[in-house]
Structure formats: structure tokens, C-alpha cells
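Undergrad: Input file: entry_7.txt. Contents: compact mmCIF, C-alpha atoms.
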```txt
# COMPACT_ATOMS: atom_id res chain seq x y z
CA MET A 1 34.78 4.79 27.60
CA SER A 2 35.69 3.61 24.09
CA ALA A 3 33.29 3.28 21.17
CA SER A 4 33.57 -0.50 21.45
CA ALA A 5 32.66 -0.62 25.15
CA LEU A 6 28.95 -0.40 24.41
CA ALA A 7 26.96 -1.84 21.56
CA ILE A 8 26.32 0.88 19.01
CA ILE A 9 23.80 -0.65 16.64
CA LEU A 10 25.50 -0.83 13.33
CA SER A 11 27.03 -4.23 12.82
CA GLY A 12 25.25 -6.87 14.93
CA CYS A 13 26.79 -9.52 17.17
CA GLY A 14 27.46 -12.73 15.30
CA THR A 15 27.56 -16.27 16.51
CA THR A 16 29.24 -19.09 14.67
CA GLN A 17 26.93 -21.96 13.82
CA THR A 18 27.12 -24.97 11.57
CA SER A 19 26.73 -23.68 8.05
CA THR A 20 24.36 -25.18 5.53
CA PRO A 21 25.89 -26.03 2.12
CA THR A 22 24.44 -24.21 -0.84
CA ILE A 23 24.44 -25.26 -4.47
CA SER A 24 25.40 -23.56 -7.68
CA GLY A 25 23.12 -23.62 -10.69
CA LEU A 26 20.00 -23.12 -8.58
CA SER A 27 16.75 -24.30 -10.03
CA GLU A 28 13.65 -22.15 -9.84
CA ALA A 29 12.18 -24.64 -7.38
CA VAL A 30 15.15 -24.42 -4.98
CA GLU A 31 15.69 -20.66 -5.11
CA PRO A 32 12.69 -19.54 -2.96
CA SER A 33 13.76 -21.92 -0.19
CA LEU A 34 17.32 -20.61 -0.34
CA ARG A 35 16.14 -17.01 -0.13
CA GLN A 36 14.12 -17.90 2.96
CA ALA A 37 17.10 -19.77 4.45
CA ALA A 38 19.31 -16.71 3.87
CA ARG A 39 16.86 -14.41 5.64
CA GLU A 40 16.44 -16.83 8.54
CA ALA A 41 20.19 -17.33 8.93
CA GLU A 42 20.74 -13.57 9.17
CA ALA A 43 17.85 -13.16 11.61
CA SER A 44 19.36 -15.83 13.88
CA TYR A 45 22.87 -14.25 13.69
CA ASP A 46 24.24 -17.18 11.66
CA TYR A 47 26.03 -14.81 9.32
CA ARG A 48 28.40 -17.35 7.78
CA SER A 49 25.50 -19.43 6.52
CA ALA A 50 23.76 -16.27 5.31
CA VAL A 51 26.90 -15.38 3.34
CA GLN A 52 26.89 -18.79 1.66
CA HIS A 53 23.22 -18.53 0.76
CA TYR A 54 23.41 -14.99 -0.58
CA ARG A 55 26.57 -15.77 -2.54
CA ALA A 56 24.83 -18.66 -4.27
CA LEU A 57 21.87 -16.44 -5.07
CA LEU A 58 24.10 -13.67 -6.39
CA ASP A 59 25.92 -16.15 -8.62
CA ARG A 60 22.55 -16.82 -10.24
CA HIS A 61 21.57 -13.12 -10.38
CA PRO A 62 24.86 -11.17 -10.69
CA ASP A 63 23.08 -7.89 -11.51
CA ASP A 64 20.73 -7.97 -8.52
CA GLN A 65 21.92 -5.08 -6.34
CA ARG A 66 19.65 -6.04 -3.45
CA LEU A 67 21.25 -9.47 -3.23
CA ALA A 68 24.71 -7.91 -3.45
CA LEU A 69 23.89 -5.55 -0.59
CA SER A 70 22.58 -8.46 1.50
CA LEU A 71 25.77 -10.40 0.84
CA ALA A 72 27.95 -7.39 1.69
CA ARG A 73 26.03 -6.79 4.92
CA ASN A 74 26.48 -10.37 6.07
CA LEU A 75 30.15 -10.37 5.09
CA ARG A 76 30.53 -7.33 7.36
CA PHE A 77 28.56 -8.97 10.16
CA SER A 78 30.71 -12.10 9.92
CA GLY A 79 33.95 -10.13 10.20
CA ALA A 80 34.90 -10.21 6.51
CA SER A 81 34.78 -6.44 6.09
CA GLN A 82 37.40 -6.38 3.31
CA GLY A 83 35.32 -8.83 1.30
CA ALA A 84 32.34 -6.51 1.72
CA ILE A 85 34.43 -3.51 0.64
CA ASP A 86 35.69 -5.29 -2.47
CA LEU A 87 32.19 -6.39 -3.45
CA LEU A 88 30.66 -2.95 -2.91
CA ASN A 89 33.42 -1.14 -4.77
CA SER A 90 32.77 -3.44 -7.71
CA LEU A 91 29.12 -2.32 -7.58
CA ALA A 92 29.70 1.38 -7.13
CA GLY A 93 31.04 1.98 -10.64
CA SER A 94 29.68 5.08 -12.29
CA GLU A 95 26.39 5.04 -10.36
CA ARG A 96 27.15 5.21 -6.66
CA SER A 97 23.66 4.81 -5.22
CA ALA A 98 22.91 5.94 -1.68
CA LEU A 99 22.31 2.38 -0.48
CA VAL A 100 25.57 1.09 -1.94
CA LEU A 101 27.48 4.04 -0.46
CA ALA A 102 25.83 3.55 2.93
CA GLU A 103 26.78 -0.12 3.13
CA LEU A 104 30.28 0.69 1.85
CA GLY A 105 30.67 3.31 4.57
CA LYS A 106 29.63 0.80 7.22
CA ALA A 107 32.13 -1.71 5.84
CA TYR A 108 34.88 0.92 6.04
CA LEU A 109 33.88 1.55 9.66
CA ALA A 110 34.10 -2.16 10.41
CA ALA A 111 37.58 -2.17 8.86
CA ASP A 112 38.64 0.86 10.99
CA ARG A 113 39.12 3.01 7.89
CA LEU A 114 37.43 5.92 9.61
CA GLY A 115 38.20 8.77 7.25
CA LEU A 116 36.93 6.85 4.23
CA ALA A 117 33.90 5.72 6.23
CA LEU A 118 32.81 9.23 7.13
CA ARG A 119 33.33 10.62 3.63
CA THR A 120 31.45 7.72 2.05
CA LEU A 121 28.54 7.98 4.48
CA GLN A 122 28.34 11.73 3.97
CA GLU A 123 28.17 11.12 0.22
CA ALA A 124 25.33 8.67 0.84
CA GLN A 125 23.54 11.22 3.03
CA ALA A 126 23.84 13.88 0.32
CA LYS A 127 22.02 11.49 -2.04
CA ALA A 128 19.37 10.45 0.50
CA PRO A 129 19.08 13.16 3.18
CA LYS A 130 15.77 11.78 4.47
CA ASN A 131 17.05 8.25 5.08
CA TRP A 132 17.26 8.01 8.86
CA GLU A 133 19.48 4.93 8.80
CA ILE A 134 22.11 6.65 6.69
CA VAL A 135 22.00 9.78 8.86
CA SER A 136 22.39 7.64 11.98
CA ALA A 137 25.36 5.84 10.41
CA VAL A 138 27.00 9.23 9.86
CA GLY A 139 26.56 9.77 13.59
CA VAL A 140 28.27 6.47 14.34
CA ALA A 141 31.19 7.49 12.11
CA TYR A 142 31.55 10.72 14.08
CA ASP A 143 31.41 8.74 17.33
CA TYR A 144 34.25 6.52 16.13
CA GLN A 145 36.28 9.70 15.63
CA GLU A 146 35.24 10.96 19.09
CA GLN A 147 33.45 13.95 17.59
CA TRP A 148 30.59 13.65 20.06
CA ASP A 149 28.80 16.94 19.27
CA LYS A 150 28.61 16.17 15.53
CA ALA A 151 27.55 12.59 16.24
CA GLN A 152 24.72 13.68 18.52
CA ALA A 153 23.58 16.32 16.03
CA ALA A 154 23.35 13.58 13.39
CA TYR A 155 21.29 11.36 15.71
CA LEU A 156 18.90 14.22 16.47
CA THR A 157 18.50 14.80 12.73
CA ALA A 158 17.73 11.10 12.27
CA LEU A 159 15.15 11.28 15.08
CA ALA A 160 13.50 14.27 13.41
CA ILE A 161 13.09 12.04 10.33
CA ASN A 162 11.99 8.95 12.29
CA PRO A 163 10.86 9.91 15.82
CA ASP A 164 11.31 7.46 18.71
CA ASN A 165 13.39 5.07 16.62
CA PRO A 166 15.03 2.74 19.18
CA VAL A 167 18.16 2.22 17.07
CA VAL A 168 18.85 5.95 16.87
CA LEU A 169 17.93 6.54 20.51
CA ASN A 170 20.31 3.75 21.50
CA ASN A 171 23.14 5.32 19.51
CA LEU A 172 22.37 8.78 20.89
CA GLY A 173 22.47 7.41 24.43
CA LEU A 174 25.80 5.70 23.92
CA SER A 175 27.27 8.80 22.33
CA ARG A 176 26.17 10.86 25.32
CA ALA A 177 27.67 8.29 27.68
CA GLN A 178 30.99 8.40 25.86
CA SER A 179 31.02 12.20 26.00
CA GLY A 180 30.44 12.13 29.77
CA ASP A 181 26.71 12.97 29.88
CA LEU A 182 25.47 9.93 31.82
CA ASP A 183 22.10 11.44 32.74
CA GLY A 184 21.42 12.35 29.11
CA ALA A 185 22.53 8.90 28.08
CA LEU A 186 20.16 7.21 30.51
CA ASP A 187 17.27 9.37 29.29
CA ALA A 188 17.88 8.35 25.67
CA LEU A 189 18.28 4.65 26.55
CA ARG A 190 15.13 4.78 28.69
CA GLN A 191 13.21 6.16 25.71
CA ALA A 192 14.73 3.53 23.43
CA ASN A 193 13.79 0.75 25.84
CA GLU A 194 10.18 1.93 25.95
CA GLN A 195 9.71 1.40 22.21
CA PRO A 196 7.98 -1.85 21.20
CA ALA A 197 10.67 -2.51 18.59
CA ALA A 198 13.55 -2.26 21.11
CA LYS A 199 15.83 -5.30 20.97
CA ALA A 200 17.93 -7.08 23.57
CA GLN A 201 20.96 -5.01 22.63
CA VAL A 202 19.15 -1.85 23.74
CA ARG A 203 18.09 -3.38 27.05
CA GLN A 204 21.60 -4.63 27.85
CA ASN A 205 23.08 -1.22 27.05
CA TYR A 206 20.48 0.38 29.33
CA ALA A 207 21.35 -2.10 32.07
CA LEU A 208 25.03 -1.23 31.84
CA LEU A 209 24.33 2.50 32.03
CA LEU A 210 22.09 1.94 35.05
CA ALA A 211 24.98 0.13 36.70
CA LEU A 212 27.33 2.98 35.80
CA LYS A 213 24.87 5.31 37.52
CA GLY A 214 24.97 3.06 40.59
CA ASP A 215 21.45 1.58 40.35
CA VAL A 216 22.56 -2.05 40.48
CA THR A 217 19.12 -3.45 41.32
CA ALA A 218 17.51 -1.86 38.27
CA ALA A 219 20.46 -2.94 36.12
CA GLU A 220 20.11 -6.56 37.20
CA ARG A 221 16.35 -6.49 36.64
CA MET A 222 16.82 -5.14 33.12
CA ALA A 223 19.58 -7.64 32.28
CA ARG A 224 17.44 -10.62 33.35
CA LYS A 225 14.95 -9.91 30.57
CA ASP A 226 17.26 -11.41 27.98
CA LEU A 227 19.82 -13.51 29.86
CA THR A 228 19.83 -16.92 31.47
CA ALA A 229 19.90 -17.06 35.26
CA GLU A 230 23.61 -17.88 35.20
CA GLN A 231 24.42 -15.04 32.80
CA ALA A 232 22.34 -12.60 34.82
CA LYS A 233 24.15 -13.64 38.01
CA GLY A 234 27.53 -13.03 36.37
CA ASN A 235 26.38 -9.65 35.08
CA GLY A 236 25.05 -8.76 38.52
CA GLN A 237 28.45 -9.38 40.06
CA PHE A 238 30.05 -7.19 37.40
CA TYR A 239 27.51 -4.42 37.97
CA ARG A 240 28.13 -4.45 41.74
CA GLN A 241 31.89 -4.29 41.25
CA LEU A 242 31.43 -1.47 38.77
CA ALA A 243 29.24 0.52 41.15
CA MET A 244 31.68 0.01 44.02
CA GLY A 245 34.56 1.15 41.85
CA LEU A 246 32.71 4.31 40.84
CA ARG A 247 32.10 5.10 44.50
CA GLY A 248 35.80 4.73 45.25
CA TYR A 249 35.50 1.58 47.38
```
What's the C-alpha cells form of this structure?
TA:
Amino acid sequence: MSASALAIILSGCGTTQTSTPTISGLSEAVEPSLRQAAREAEASYDYRSAVQHYRALLDRHPDDQRLALSLARNLRFSGASQGAIDLLNSLAGSERSALVLAELGKAYLAADRLGLALRTLQEAQAKAPKNWEIVSAVGVAYDYQEQWDKAQAAYLTALAINPDNPVVLNNLGLSRAQSGDLDGALDALRQANEQPAAKAQVRQNYALLLALKGDVTAAERMARKDLTAEQAKGNGQFYRQLAMGLRGY
């Protein structure tokens, strides 16, 4: 099972929507609305529009690192990982903050520059060892290199910092699945799914692992929580075929 077969939570699933034009030379009256539009575009997975909005805001505030990080994140989400890398490297300069390094490491991961990604994320972790998100990202980098034991150790460290975090539990479960520990994977995904903050991505990953285990009924029930009837029907057929294949039919 490859790292891309299941949805490790690092870089979101984007959808292409009609983008909203932004303007240069923002007035103080327009800027709050544009900030809100940028946040809403990202929240609705309209990353291309978010990129436009954040770029316009950064043009007005070129020294605002938070805006630069938001732009870099949405560039990565939209598939423009090299643009994110270039932007972040221009920020890193002499003061490579943990947050800049963490986002740069994620951009390297998205660009399949795995060695650079791991080194950069480890540098971020050294600067912010109690940041669970950075520690979890180190785990993802290890997963991409198929170093399952190191990845899972990183996730357990992140959970010690932030117990029951559904993002980390999701990533731990997927790492266990990829290393062949399906029961351990299901346990982690079950715990992730029980958290109030668990998102659809977690539930769909859990559904797929249930199908891999052969529990097609439970998989279909879980999948229906976020899918249309037609999508759920298609997934159900896939789950049944998967279960039959695992049984050697």
C-alpha cells in the first residue's frame, strides 16, 4: 500500500472553482473583506481563489510572515509546490523560524523532495519540539520514506503533546496500515473517528480500512456519512470487490 493510497492529513484535497478577482492597492475598507474571503476560500477547498486573495494581501503587507505562510500553504494545496518553496526560501533568510521551516518542509514533501523535506522538518522540530503539528509532519516525512517505525514513534510523540488529536491518530493509523498492522491501524482510526473534531477525511480512511478488514457493511455505513447516495453506492461496490479479493475469490 503506497503512501498516496490513503489520505495522510498534510496537504488537503483541492477542488477547482471559479476564482474571484482581487485588486492591487487595497484600501483599508476593502482589506477586511478580502481577508475573510481568503479564509473562506481555503475552508471550502477553493485554493486557487485563496492564493489570489492572499497574494493581493501580501502585496500590501510584504513583511507580514503570517500572510506569506498562508499564501505558501494554499500554493501547496493548489499543486504549486515549487511556488511555495520559492516564496518560503525567500522568507527563511537568516532567521529560519520553526513555522517557516515547517511549511517549507511540507512544500518539499509535496514536491517529492523527500530528503530535503525530512531535514527541514527536523530542523523545525528542533526549534519547536512541543509543536504537535511539526512533530506529526516529521512522521509523515518518515512515512514517505517507508520508515514506518520512525514515523509511528513521531506520531506517538505528537500524541503525548496533544492527546487524542484526530489528525495525528489518522496519520498513525495509516502508517500502521502501510506497515502491515491492520488491527493497529483500525484501532487508531477508530479513536480518531470518535473525536468531535474528526473530519470527513478521517471517516473515509476508516471506511477503507474497515473494507480491507472485510467488514463491508460497517465500511458502507461509515462512508455514507459524508457521501451522496450515488457516491456511497459506488464505494460500496468497490469495498465488496476489495473484500472478495482479499479472501481470494
Undergrad: Ranking A:Ala98, A:Ala223, A:Leu189, A:Ala107 by minimum distance to Tyr206 (chain A) and counting all atoms listed in the file, which one comes first?
TA: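 Among A:Ala98, A:Ala223, A:Leu189, A:Ala107, it is A:Leu189 that comes nearest to Tyr206 (chain A).
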Undergrad: By how many Å are CA of Phe77 (chain A) and CA of Tyr45 (chain A) apart?
TA: 8.5 Å
Undergrad: For Tyr54 (chain A), please output as a list in words all residues within 7 Å (counting only C-alpha atoms; exclusion window: fewer than 4 positions along the same chain).
TA: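 Final neighbour list, sorted by chain and number: Ala38, Ala50, Leu58, Leu67, Ser70 and Leu71 of chain A.
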Undergrad: Go through A:Leu116, A:Leu104, A:Leu121, A:Leu182 and flag the residue nearest Asp86 (chain A), using only C-alpha atoms for the distances.
TA: A:Leu104
Undergrad: As an exercise, work out the distance from CA of Asn162 (chain A) to CA of Glu194 (chain A) in Å and give it to one decimal place.
TA: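 CA of Glu194 (chain A) lies at a distance of 15.5 Å from CA of Asn162 (chain A).
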Undergrad: Quick check, in Å to one decimal: how far apart do CA of Glu40 (chain A) and CA of Val168 (chain A) lie?
TA: 24.4 Å
Undergrad: Identify which of the residues A:Trp132, A:Ile85, A:Ala153, A:Met222 lies closest to Thr120 (chain A), counting all atoms listed in the file when measuring atom-to-atom distances.
TA: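 Nearest to Thr120 (chain A): A:Ile85.
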Undergrad: Of the candidates A:Pro62, A:Gly105, A:Gly83, A:Pro32, which one gets nearest to Ile134 (chain A) if we count all atoms listed in the file?
TA: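 The closest residue to Ile134 (chain A) is A:Gly105.
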Undergrad: List as a PyMOL selection string the protein and nucleic acid residues near Ala84 (chain A), meaning an atom at most 10 Å away when all atoms listed in the file are counted, but skip any in the same chain fewer than 5 places from it.
TA: chain A and resi 68-77+79+89-90+103-104+106-108+110-111
Undergrad: Of the residues A:Arg190, A:Leu87, A:Gln122, A:Trp148, which is the one nearest to Asp164 (chain A), using only C-alpha atoms?
TA: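 Comparing A:Arg190, A:Leu87, A:Gln122, A:Trp148 against Asp164 (chain A), the winner is A:Arg190.
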